[in-house]
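Trainee: So here's coords-v6.txt (compact mmCIF, C-alpha atoms).
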```txt
# COMPACT_ATOMS: atom_id res chain seq x y z
CA MET A 1 83.20 66.55 170.35
CA LEU A 2 84.73 69.52 172.20
CA THR A 3 87.09 72.17 170.87
CA LYS A 4 90.34 70.71 172.21
CA GLU A 5 89.81 67.28 170.64
CA LEU A 6 88.67 68.73 167.32
CA ILE A 7 91.70 71.03 167.11
CA GLU A 8 94.01 68.10 167.85
CA GLN A 9 92.45 66.22 164.92
CA SER A 10 92.74 69.31 162.73
CA SER A 11 96.46 69.53 163.49
CA LYS A 12 96.88 65.83 162.72
CA TYR A 13 95.02 65.67 159.42
CA LEU A 14 94.97 69.12 157.78
CA CYS A 15 97.84 70.75 155.93
CA PHE A 16 99.24 73.62 157.98
CA THR A 17 98.38 76.34 155.48
CA TYR A 18 96.52 78.57 157.95
CA ASN A 19 97.39 79.88 161.40
CA ARG A 20 93.88 79.08 162.59
CA TYR A 21 92.55 80.55 165.82
CA PRO A 22 91.52 77.98 168.46
CA ILE A 23 87.81 78.12 167.64
CA VAL A 24 85.62 75.49 165.99
CA PHE A 25 82.36 76.94 164.69
CA SER A 26 79.22 74.85 164.47
CA LYS A 27 76.44 77.22 163.39
CA GLY A 28 75.67 80.76 162.33
CA LYS A 29 72.71 83.07 161.87
CA GLY A 30 72.80 86.59 160.51
CA CYS A 31 75.81 88.40 161.97
CA LYS A 32 76.40 85.82 164.71
CA LEU A 33 78.35 82.58 165.00
CA TRP A 34 78.46 79.92 167.70
CA ASP A 35 81.32 77.54 168.44
CA VAL A 36 80.98 73.89 169.44
CA ASP A 37 81.14 74.88 173.11
CA GLY A 38 78.19 77.23 172.69
CA LYS A 39 80.03 80.57 172.86
CA GLU A 40 78.47 83.33 170.76
CA TYR A 41 80.46 85.65 168.50
CA LEU A 42 79.55 88.83 166.64
CA ASP A 43 81.03 88.44 163.17
CA PHE A 44 82.77 91.40 161.51
CA VAL A 45 84.76 89.11 159.18
CA ALA A 46 81.88 87.49 157.24
CA GLY A 47 84.05 84.64 155.99
CA LEU A 48 86.44 87.28 154.55
CA ALA A 49 83.74 89.34 152.82
CA VAL A 50 81.89 86.24 151.62
CA VAL A 51 78.60 85.96 153.54
CA ASN A 52 77.36 89.40 152.54
CA LEU A 53 73.79 88.47 153.46
CA GLY A 54 74.86 87.01 156.80
CA HIS A 55 75.09 83.39 157.82
CA CYS A 56 72.37 81.04 156.60
CA HIS A 57 70.18 83.71 155.04
CA PRO A 58 66.72 82.11 154.55
CA SER A 59 66.47 82.90 150.83
CA VAL A 60 69.88 81.35 150.09
CA VAL A 61 69.20 78.30 152.26
CA ARG A 62 65.86 77.81 150.54
CA ALA A 63 67.39 78.12 147.07
CA ILE A 64 70.10 75.58 147.90
CA LYS A 65 67.60 73.09 149.32
CA GLU A 66 65.22 73.40 146.38
CA GLN A 67 67.97 73.13 143.78
CA ALA A 68 69.67 70.19 145.56
CA GLU A 69 66.43 68.24 145.21
CA LYS A 70 66.31 68.89 141.46
CA LEU A 71 69.83 68.96 140.01
CA ILE A 72 73.24 69.55 141.61
CA HIS A 73 75.63 69.06 138.71
CA VAL A 74 75.61 68.57 134.98
CA SER A 75 78.52 68.77 132.58
CA ASN A 76 79.16 72.02 130.74
CA TYR A 77 78.63 70.01 127.55
CA TYR A 78 74.99 70.84 128.33
CA HIS A 79 73.06 73.91 129.43
CA ASN A 80 71.40 74.42 132.80
CA GLU A 81 68.75 76.97 133.69
CA PRO A 82 70.19 78.66 136.82
CA MET A 83 73.52 79.26 135.06
CA ILE A 84 71.83 80.97 132.11
CA GLU A 85 69.62 83.08 134.37
CA LEU A 86 72.55 84.17 136.54
CA ALA A 87 74.60 85.15 133.50
CA ARG A 88 71.68 87.23 132.24
CA LEU A 89 71.23 89.02 135.58
CA LEU A 90 74.94 89.80 135.91
CA CYS A 91 75.08 91.23 132.40
CA GLU A 92 71.89 93.23 132.77
CA ASN A 93 73.19 94.81 135.98
CA SER A 94 76.73 95.58 134.83
CA PHE A 95 78.79 96.72 131.85
CA ALA A 96 79.23 93.12 130.70
CA GLU A 97 77.82 91.15 127.79
CA LYS A 98 79.33 87.72 128.49
CA VAL A 99 80.14 85.67 131.62
CA PHE A 100 82.47 82.75 132.29
CA PHE A 101 81.76 80.79 135.49
CA CYS A 102 84.29 78.97 137.65
CA ASN A 103 84.76 78.16 141.35
CA SER A 104 86.81 80.89 143.05
CA GLY A 105 88.32 84.33 142.78
CA ALA A 106 91.71 82.93 141.82
CA GLU A 107 90.12 80.95 138.99
CA ALA A 108 88.20 84.02 137.83
CA ASN A 109 91.45 85.99 137.75
CA GLU A 110 93.17 83.16 135.88
CA ALA A 111 90.42 83.35 133.29
CA ALA A 112 90.86 87.13 133.03
CA ILE A 113 94.61 86.79 132.55
CA LYS A 114 94.20 84.11 129.89
CA LEU A 115 91.50 86.06 128.06
CA ALA A 116 93.52 89.29 128.06
CA ARG A 117 96.60 87.55 126.67
CA LYS A 118 94.70 85.56 124.06
CA TYR A 119 92.68 88.54 122.85
CA ALA A 120 95.80 90.73 122.69
CA LYS A 121 97.86 88.17 120.77
CA GLU A 122 95.07 87.62 118.25
CA ASN A 123 94.05 91.26 117.82
CA LEU A 124 96.80 93.62 119.02
CA GLY A 125 100.03 91.84 118.16
CA LYS A 126 101.77 88.55 118.96
CA GLU A 127 104.29 90.33 121.21
CA LYS A 128 101.50 91.58 123.51
CA PHE A 129 101.47 89.51 126.70
CA GLU A 130 102.64 91.62 129.65
CA ILE A 131 100.20 92.59 132.39
CA ILE A 132 100.87 95.41 134.83
CA THR A 133 99.52 95.03 138.36
CA MET A 134 99.86 97.05 141.56
CA LEU A 135 102.19 96.83 144.52
CA LYS A 136 100.31 95.59 147.62
CA SER A 137 97.74 93.87 145.37
CA PHE A 138 96.34 90.40 145.93
CA HIS A 139 94.87 88.31 143.12
CA GLY A 140 94.95 84.69 144.33
CA ARG A 141 97.07 81.63 145.09
CA THR A 142 97.51 79.90 141.74
CA MET A 143 100.83 80.32 139.95
CA ALA A 144 99.53 83.02 137.63
CA THR A 145 97.63 84.90 140.31
CA ILE A 146 100.41 84.89 142.90
CA THR A 147 102.68 86.19 140.15
CA ALA A 148 100.11 88.91 139.47
CA THR A 149 100.02 89.69 143.20
CA GLY A 150 102.32 92.60 144.00
CA GLN A 151 103.57 91.30 147.36
CA GLU A 152 106.85 89.41 147.63
CA ARG A 153 105.78 87.44 150.69
CA PHE A 154 103.35 85.47 148.53
CA HIS A 155 106.07 84.70 145.97
CA LYS A 156 108.63 83.11 148.30
CA GLY A 157 109.24 79.44 147.68
CA PHE A 158 107.41 79.34 144.36
CA GLU A 159 110.07 80.84 142.13
CA PRO A 160 110.56 81.02 139.22
CA LEU A 161 107.36 82.98 138.77
CA LEU A 162 105.61 83.25 135.45
CA GLU A 163 106.97 85.61 132.85
CA GLY A 164 105.06 88.70 131.82
CA PHE A 165 104.05 90.58 134.98
CA LYS A 166 105.35 93.85 136.39
CA TYR A 167 104.27 95.97 139.35
CA VAL A 168 103.80 99.68 139.94
CA PRO A 169 102.69 101.71 142.99
CA PHE A 170 98.94 101.92 143.56
CA ASN A 171 97.27 105.27 142.84
CA ASP A 172 100.26 106.55 140.83
CA LEU A 173 99.24 107.17 137.23
CA GLU A 174 102.62 108.44 136.05
CA ALA A 175 104.43 105.36 137.38
CA LEU A 176 101.93 103.25 135.47
CA ARG A 177 102.42 105.25 132.29
CA ARG A 178 106.21 104.79 132.50
CA ALA A 179 105.84 101.02 132.94
CA ILE A 180 103.91 100.49 129.71
CA THR A 181 105.91 98.99 126.84
CA GLU A 182 105.16 97.58 123.42
CA LYS A 183 104.61 94.20 125.14
CA THR A 184 101.92 95.44 127.55
CA CYS A 185 98.45 94.05 126.91
CA ALA A 186 96.51 94.84 130.09
CA ILE A 187 96.34 96.59 133.45
CA MET A 188 94.95 94.48 136.29
CA MET A 189 93.95 95.97 139.64
CA GLU A 190 91.57 95.90 142.57
CA PRO A 191 89.48 99.09 142.62
CA ILE A 192 90.05 99.04 146.38
CA GLN A 193 92.93 96.99 147.76
CA GLY A 194 91.63 94.73 150.52
CA GLU A 195 94.49 92.43 151.50
CA GLY A 196 96.98 95.25 150.87
CA GLY A 197 95.57 97.37 153.70
CA VAL A 198 92.18 98.72 152.51
CA ASN A 199 93.75 101.26 150.14
CA VAL A 200 91.29 103.51 148.31
CA PRO A 201 92.40 105.24 145.08
CA SER A 202 91.29 108.67 143.95
CA LYS A 203 88.53 108.99 141.39
CA GLU A 204 90.92 110.98 139.21
CA TYR A 205 93.40 108.10 139.21
CA ILE A 206 90.83 105.54 138.12
CA GLN A 207 89.44 107.80 135.41
CA GLY A 208 92.97 108.59 134.23
CA LEU A 209 93.70 104.86 134.16
CA ARG A 210 90.71 104.26 131.90
CA ARG A 211 91.84 107.03 129.54
CA LEU A 212 95.38 105.65 129.50
CA CYS A 213 94.15 102.17 128.59
CA ASP A 214 92.06 103.62 125.78
CA GLU A 215 94.99 105.69 124.56
CA LYS A 216 97.42 102.75 124.55
CA GLY A 217 94.99 100.06 123.42
CA LEU A 218 95.19 98.11 126.69
CA LEU A 219 92.56 96.00 128.45
CA LEU A 220 91.50 97.18 131.90
CA ILE A 221 90.83 94.30 134.31
CA PHE A 222 89.10 95.01 137.63
CA ASP A 223 89.49 92.34 140.30
CA GLU A 224 86.24 92.79 142.24
CA VAL A 225 86.48 89.47 144.04
CA GLN A 226 86.28 91.29 147.38
CA THR A 227 84.60 94.56 146.39
CA GLY A 228 81.82 93.14 144.20
CA ILE A 229 78.24 92.14 145.07
CA GLY A 230 77.44 95.09 147.30
CA ARG A 231 80.48 95.22 149.56
CA THR A 232 81.07 98.91 148.78
CA GLY A 233 77.41 99.95 148.93
CA LYS A 234 77.04 99.63 145.17
CA LEU A 235 76.67 96.33 143.36
CA PHE A 236 80.15 96.81 141.86
CA ALA A 237 82.90 99.15 143.02
CA TYR A 238 83.66 100.41 139.51
CA GLU A 239 80.35 102.31 139.68
CA TYR A 240 81.92 104.73 142.18
CA PHE A 241 84.48 105.94 139.68
CA GLY A 242 82.34 106.73 136.65
CA ILE A 243 84.13 104.29 134.33
CA GLU A 244 83.76 100.72 133.11
CA PRO A 245 86.47 98.04 132.99
CA ASP A 246 86.87 95.70 130.04
CA ILE A 247 87.00 92.60 132.24
CA MET A 248 85.78 92.14 135.81
CA THR A 249 86.16 89.21 138.19
CA LEU A 250 83.79 88.20 141.00
CA ALA A 251 83.66 85.47 143.64
CA LYS A 252 83.42 85.79 147.45
CA GLY A 253 79.99 87.35 148.03
CA LEU A 254 78.40 86.10 144.82
CA ALA A 255 76.80 82.97 146.34
CA ASN A 256 77.05 83.84 150.05
CA GLY A 257 79.43 80.99 150.86
CA ILE A 258 78.81 78.45 148.11
CA PRO A 259 82.01 78.33 146.00
CA ILE A 260 81.64 80.25 142.74
CA GLY A 261 83.68 82.59 140.59
CA ALA A 262 82.80 84.63 137.54
CA MET A 263 84.65 86.57 134.88
CA LEU A 264 82.59 89.21 133.13
CA THR A 265 83.52 90.96 129.89
CA LYS A 266 82.22 92.48 126.69
CA ASP A 267 81.45 90.60 123.47
CA LYS A 268 84.49 92.12 121.77
CA PHE A 269 86.90 90.49 124.20
CA ALA A 270 84.87 87.34 124.90
CA SER A 271 85.26 86.39 121.24
CA ALA A 272 88.82 85.24 122.02
CA PHE A 273 87.43 82.38 124.13
CA VAL A 274 86.29 79.68 121.72
CA PRO A 275 85.44 76.05 122.54
CA GLY A 276 88.51 74.41 124.07
CA ALA A 277 90.26 77.69 124.95
CA HIS A 278 89.25 77.59 128.60
CA ALA A 279 86.98 75.53 130.85
CA SER A 280 85.94 74.66 134.40
CA THR A 281 84.34 71.34 135.33
CA PHE A 282 82.23 72.68 138.17
CA GLY A 283 81.90 76.23 136.85
CA GLY A 284 78.29 77.38 136.60
CA ASN A 285 76.89 74.25 138.22
CA PRO A 286 73.17 74.49 139.08
CA LEU A 287 73.63 74.49 142.87
CA ALA A 288 76.12 77.37 143.01
CA THR A 289 74.30 79.47 140.44
CA ALA A 290 70.95 78.95 142.17
CA ALA A 291 72.51 80.24 145.38
CA ALA A 292 73.95 83.24 143.54
CA LEU A 293 70.57 84.01 141.98
CA ALA A 294 69.07 84.09 145.46
CA VAL A 295 71.79 86.51 146.56
CA LEU A 296 71.15 88.95 143.70
CA HIS A 297 67.39 88.84 144.14
CA THR A 298 67.71 89.36 147.90
CA ILE A 299 70.07 92.32 147.53
CA LYS A 300 67.42 94.07 145.45
CA LYS A 301 64.32 92.89 147.32
CA GLU A 302 65.58 93.65 150.84
CA ASP A 303 67.35 96.93 149.96
CA ILE A 304 70.66 95.53 151.20
CA LEU A 305 72.75 98.24 149.52
CA ARG A 306 70.87 100.98 151.37
CA ASN A 307 71.57 99.33 154.71
CA CYS A 308 75.23 98.89 153.76
CA ASN A 309 75.58 102.61 153.04
CA ILE A 310 73.77 103.70 156.19
CA VAL A 311 75.71 101.43 158.53
CA SER A 312 78.96 102.16 156.70
CA GLY A 313 78.63 105.87 157.45
CA TYR A 314 77.82 105.11 161.06
CA LEU A 315 80.75 102.70 161.49
CA ILE A 316 83.26 105.04 159.84
CA ASN A 317 82.11 107.94 162.02
CA ARG A 318 82.38 105.85 165.20
CA LEU A 319 85.87 104.67 164.22
CA LYS A 320 86.94 108.25 163.48
CA GLU A 321 85.67 109.28 166.91
CA LEU A 322 87.96 106.63 168.40
CA MET A 323 90.81 107.95 166.27
CA LYS A 324 90.55 111.36 167.96
CA GLY A 325 91.21 109.79 171.35
CA PHE A 326 94.21 107.57 170.55
CA ASP A 327 97.33 108.80 168.82
CA PHE A 328 98.33 105.27 167.75
CA ILE A 329 95.42 105.24 165.27
CA LYS A 330 96.91 106.62 162.03
CA ASP A 331 93.94 106.46 159.69
CA VAL A 332 90.40 105.22 159.09
CA ARG A 333 89.50 104.59 155.45
CA GLY A 334 87.24 102.59 153.19
CA ILE A 335 84.07 102.54 151.14
CA GLY A 336 80.88 100.76 152.12
CA LEU A 337 81.55 97.93 154.55
CA LEU A 338 85.16 97.44 153.50
CA ILE A 339 86.84 99.58 156.14
CA GLY A 340 90.37 99.71 157.49
CA MET A 341 91.83 101.25 160.64
CA GLU A 342 95.59 101.71 160.40
CA LEU A 343 97.57 101.51 163.63
CA THR A 344 101.18 102.38 164.45
CA PHE A 345 101.86 98.79 165.61
CA ASP A 346 101.00 95.21 164.68
CA ALA A 347 97.26 94.66 164.99
CA GLY A 348 97.27 90.93 165.71
CA ASP A 349 96.86 91.31 169.46
CA ILE A 350 93.81 93.55 168.98
CA VAL A 351 92.15 90.81 166.95
CA LYS A 352 92.76 88.30 169.76
CA LYS A 353 91.47 90.66 172.45
CA CYS A 354 88.28 91.22 170.45
CA MET A 355 87.91 87.47 170.02
CA ASP A 356 88.11 87.02 173.78
CA ARG A 357 85.18 89.43 174.02
CA GLY A 358 83.17 87.45 171.46
CA ILE A 359 83.81 89.73 168.49
CA LEU A 360 85.49 88.59 165.26
CA ILE A 361 87.55 91.13 163.33
CA ASN A 362 90.42 90.74 160.90
CA TYR A 363 93.74 92.45 160.26
CA THR A 364 95.81 92.75 157.14
CA ASN A 365 99.12 94.19 155.99
CA GLY A 366 100.34 93.78 159.57
CA ASN A 367 98.91 96.93 161.14
CA VAL A 368 95.49 97.49 159.54
CA LEU A 369 92.35 96.31 161.31
CA ARG A 370 89.82 95.34 158.63
CA PHE A 371 86.06 95.48 159.24
CA ILE A 372 84.07 93.48 156.66
CA PRO A 373 80.82 92.43 158.36
CA PRO A 374 77.75 91.08 156.60
CA LEU A 375 75.93 93.85 154.74
CA ILE A 376 72.90 93.30 156.99
CA VAL A 377 74.80 94.43 160.11
CA MET A 378 72.92 96.94 162.28
CA GLU A 379 74.04 100.05 164.17
CA ASP A 380 73.54 98.45 167.59
CA GLU A 381 75.96 95.70 166.54
CA VAL A 382 78.46 98.37 165.50
CA ASP A 383 78.09 99.85 168.99
CA VAL A 384 79.12 96.52 170.53
CA LEU A 385 82.27 96.52 168.39
CA ILE A 386 83.13 100.14 169.20
CA THR A 387 82.69 99.59 172.95
CA ALA A 388 85.06 96.63 172.84
CA LEU A 389 87.65 98.50 170.78
CA GLU A 390 87.53 101.49 173.11
CA GLU A 391 88.09 99.25 176.15
CA ILE A 392 91.02 97.55 174.45
CA PHE A 393 92.56 100.84 173.27
CA LEU A 394 92.24 102.36 176.75
CA GLY A 395 94.15 99.39 178.12
CA ILE A 396 96.92 99.94 175.59
CA ALA A 397 97.07 103.68 176.23
CA LYS A 398 97.66 103.28 180.00
```
Mind turning the file's structure into structure tokens?
Mentor:
Amino acid sequence: MLTKELIEQSSKYLCFTYNRYPIVFSKGKGCKLWDVDGKEYLDFVAGLAVVNLGHCHPSVVRAIKEQAEKLIHVSNYYHNEPMIELARLLCENSFAEKVFFCNSGAEANEAAIKLARKYAKENLGKEKFEIITMLKSFHGRTMATITATGQERFHKGFEPLLEGFKYVPFNDLEALRRAITEKTCAIMMEPIQGEGGVNVPSKEYIQGLRRLCDEKGLLLIFDEVQTGIGRTGKLFAYEYFGIEPDIMTLAKGLANGIPIGAMLTKDKFASAFVPGAHASTFGGNPLATAAALAVLHTIKKEDILRNCNIVSGYLINRLKELMKGFDFIKDVRGIGLLIGMELTFDAGDIVKKCMDRGILINYTNGNVLRFIPPLIVMEDEVDVLITALEEIFLGIAK
């Protein structure tokens, strides 16, 4: 079936919740995708920072096949081996001592919100329920997580929002301090804002935030749904800032495309979750956790983080070279392979022009081109991207 017919069926049968581009993909390998008509694309979107190891990485494919032949699902009334092993690996490689598994980043953030409120009410005072989040943040599409999201455009049509959330500017410690009240129980934030425009905070801000939480007796929640699992060149972004959160959420890159979410925390806080307090039918199922185990083992075995850091430096330098030649490029920023290029105009047309050239990029916050390729991307693939961007920018500058 060709693209036109498939898109017609998509329009007929799927809810119109995405402004999808007119492409129907049929296969992928590494940093490349092919549509049903056979056209090849270089992928700098990676399923929105999901396929960190590239499409159909052999170790992940093998793990899925082997696990599917043994056991796909079992109720959480029982244990399963891949879930236990994954929890152990995540704890041993992070600050955490306990893990709760679910199916997505939004669900992981829901779990974090519920845990913070329950722990606070039981240990800090029954009036403790408010959570402070950041303007331009993004935490998910459920009712609690869109309320936590500090962008009004995600709120419209779903009012009234849930009680107990307030927003402050990102990277502004004094504004945060002023927002804290006797009802505040937690601060929730992305260590790097992805959907908000690839906004990177200062190390001093993050360290001051940790001290403030300790001073006020607040839980610090890091939403690492996009930044976690190597995206920043470290396994977790919090490692860049020399502090540890109390709760951390993961999803996207954890199983390289198989749906999974995880909330990580310390024993002290995990104690608030007792049987019946929270649950997820498919959370921690053997198939998803086997895929995630393959991801973690591969990141270590194939030195994926080293490649991410090398290519990140190369890509940022090439983008900054472009910036010198075009005055409509305002900024280039990011850590690892989560990089933004801010323009003085809407970036949507640039995305389409790249697509016409067989290159997939993304834009966010209206005017920020976002580059989030698989962590296995190579410098020669970066060169292809830069050549295309330069051609496009030259056309705009004329």
Trainee: Smallest atom-to-atom distance to Asn80 in chain A: which of A:Asn109, A:Gln151, A:Gln67, A:Thr387, using all atoms listed in the file?
Mentor: A:Gln67
Trainee: Separation of CA of Lys266 in chain A and CA of Glu244 in chain A, in Å?
Mentor: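 Atom-to-atom, CA of Lys266 in chain A and CA of Glu244 in chain A are spaced 10.6 Å apart.
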Trainee: Between CA of Val295 in chain A and CA of Lys65 in chain A, what is the spacing in Å?
Mentor: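 These two atoms are separated by 14.3 Å.
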Trainee: Would you pick out the contacts of range 206-211 of chain A at 12 Å or less, using all atoms listed in the file, so that residues sharing its chain but fewer than 3 positions from it are not included, and give the list as an MDAnalysis selection string?
Mentor: chainID A and resid 132 170:177 180 186:192 200:203 214:222 237:246
Trainee: Restricting the calculation to all atoms listed in the file, which member of A:Leu375, A:Leu2, A:Leu360, A:Val99 is positioned closest to Val51 in chain A?
Mentor: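 Ranking A:Leu375, A:Leu2, A:Leu360, A:Val99 by distance to Val51 in chain A, first place goes to A:Leu375.
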Trainee: Determine the axis-aligned bounding box of all atoms of range 177-182 of chain A present in the file, pad each side by 4 Å, and express its centre and edge lengths in Å to one decimal place as lines of an AutoDock Vina configuration file.
Mentor:
```
center_x = 104.3
center_y = 101.4
center_z = 128.2
size_x = 11.8
size_y = 15.7
size_z = 17.5
```
Trainee: Ile316 in chain A: which residues within 8 Å, counting all atoms listed in the file, same-chain residues fewer than 2 positions away excluded, as a list in words?
Mentor: Ser312, Gly313, Tyr314, Arg318, Leu319, Lys320, Val332, Arg333 and Ile339 of chain A
Trainee: Please check which residues have atoms at most 12 Å from (70.4, 69.0, 142.2) in the file's coordinates, counting all atoms listed in the file, and write them as a ChimeraX atom specification.
Mentor: /A:63-74,80-82,285-291
Trainee: Would you pick out the contacts of Phe138 in chain A at 10 Å or less, using all atoms listed in the file, so that residues sharing its chain but fewer than 3 positions from it are not included, and give the list as an MDAnalysis selection string?
Mentor: chainID A and resid 106 133:135 141 145:151 154 189:190 193:196 223
Trainee: Using only C-alpha atoms, which protein or nucleic acid residues come within 9 Å of Leu89 in chain A? Drop anything in the same chain fewer than 5 positions from it, and give the result as a list in words.
Mentor: Ile84, Ser94, Leu293 and Leu296 of chain A
Trainee: Of the candidates A:His297, A:Asn317, A:Ile361, A:Gly28, which one gets nearest to Leu48 in chain A if we count all atoms listed in the file?
Mentor: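 Smallest separation from Leu48 in chain A among the options: A:Ile361.
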Trainee: I need the residue nearest Cys308 in chain A from this list: A:Gly253, A:Gly334, A:Gly233, A:Gly105. Use only C-alpha atoms for the distance.
Mentor: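 Residue with the minimum atom-to-atom distance to Cys308 in chain A: A:Gly233.
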Trainee: Record the distance separating CA of Ala255 in chain A and CA of Ile229 in chain A, expressed in Å with one decimal.
Mentor: 9.4 Å
Trainee: Calculated over only C-alpha atoms, which of the candidates A:Ser26, A:Asn93, A:Asn76, A:Thr181 has the smallest distance to Lys128 in chain A?
Mentor: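 Distance minimum relative to Lys128 in chain A lands on A:Thr181.
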Trainee: Which residues come within 10 Å of Val351 in chain A, counting all atoms listed in the file, excluding same-chain residues fewer than 6 positions away, as a PyMOL selection string?
Mentor: chain A and resi 359-363+369-370+389
Trainee: Please return, as a PyMOL selection string, all polymer residues that have at least one atom within 7 Å of the point (82.0, 95.3, 166.4); use all atoms listed in the file and the file's own coordinate frame.
Mentor: chain A and resi 42+44+359+381-386
Trainee: How would range 255-266 of chain A look with N, CA, C and O atoms restored, written as an mmCIF file, in the coordinates of the input?
Mentor:
```
data_model
loop_
_atom_site.group_PDB
_atom_site.id
_atom_site.type_symbol
_atom_site.label_atom_id
_atom_site.label_comp_id
_atom_site.auth_asym_id
_atom_site.auth_seq_id
_atom_site.Cartn_x
_atom_site.Cartn_y
_atom_site.Cartn_z
ATOM 1 N N ALA A 255 77.756 84.022 145.950
ATOM 2 C CA ALA A 255 76.800 82.970 146.340
ATOM 3 C C ALA A 255 76.732 82.797 147.845
ATOM 4 O O ALA A 255 76.284 81.766 148.338
ATOM 5 N N ASN A 256 77.199 83.799 148.591
ATOM 6 C CA ASN A 256 77.050 83.840 150.050
ATOM 7 C C ASN A 256 77.659 82.622 150.751
ATOM 8 O O ASN A 256 77.172 82.182 151.789
ATOM 9 N N GLY A 257 78.730 82.083 150.198
ATOM 10 C CA GLY A 257 79.430 80.990 150.860
ATOM 11 C C GLY A 257 79.523 79.720 150.031
ATOM 12 O O GLY A 257 80.371 78.868 150.298
ATOM 13 N N ILE A 258 78.669 79.563 149.037
ATOM 14 C CA ILE A 258 78.810 78.450 148.110
ATOM 15 C C ILE A 258 79.901 78.823 147.102
ATOM 16 O O ILE A 258 79.866 79.912 146.534
ATOM 17 N N PRO A 259 80.890 77.958 146.878
ATOM 18 C CA PRO A 259 82.010 78.330 146.000
ATOM 19 C C PRO A 259 81.562 78.645 144.576
ATOM 20 O O PRO A 259 80.893 77.837 143.923
ATOM 21 N N ILE A 260 81.936 79.836 144.115
ATOM 22 C CA ILE A 260 81.640 80.250 142.740
ATOM 23 C C ILE A 260 82.584 81.387 142.377
ATOM 24 O O ILE A 260 83.010 82.161 143.239
ATOM 25 N N GLY A 261 82.930 81.463 141.117
ATOM 26 C CA GLY A 261 83.680 82.590 140.590
ATOM 27 C C GLY A 261 83.087 82.960 139.248
ATOM 28 O O GLY A 261 82.412 82.150 138.602
ATOM 29 N N ALA A 262 83.324 84.197 138.824
ATOM 30 C CA ALA A 262 82.800 84.630 137.540
ATOM 31 C C ALA A 262 83.734 85.660 136.925
ATOM 32 O O ALA A 262 84.263 86.526 137.622
ATOM 33 N N MET A 263 83.935 85.551 135.634
ATOM 34 C CA MET A 263 84.650 86.570 134.880
ATOM 35 C C MET A 263 83.675 87.183 133.900
ATOM 36 O O MET A 263 83.035 86.470 133.105
ATOM 37 N N LEU A 264 83.518 88.495 133.973
ATOM 38 C CA LEU A 264 82.590 89.210 133.130
ATOM 39 C C LEU A 264 83.359 90.066 132.129
ATOM 40 O O LEU A 264 84.385 90.654 132.476
ATOM 41 N N THR A 265 82.845 90.152 130.902
ATOM 42 C CA THR A 265 83.520 90.960 129.890
ATOM 43 C C THR A 265 82.531 91.343 128.796
ATOM 44 O O THR A 265 81.341 91.012 128.850
ATOM 45 N N LYS A 266 83.036 92.058 127.813
ATOM 46 C CA LYS A 266 82.220 92.480 126.690
ATOM 47 C C LYS A 266 82.391 91.496 125.518
ATOM 48 O O LYS A 266 83.374 90.759 125.445
#
```
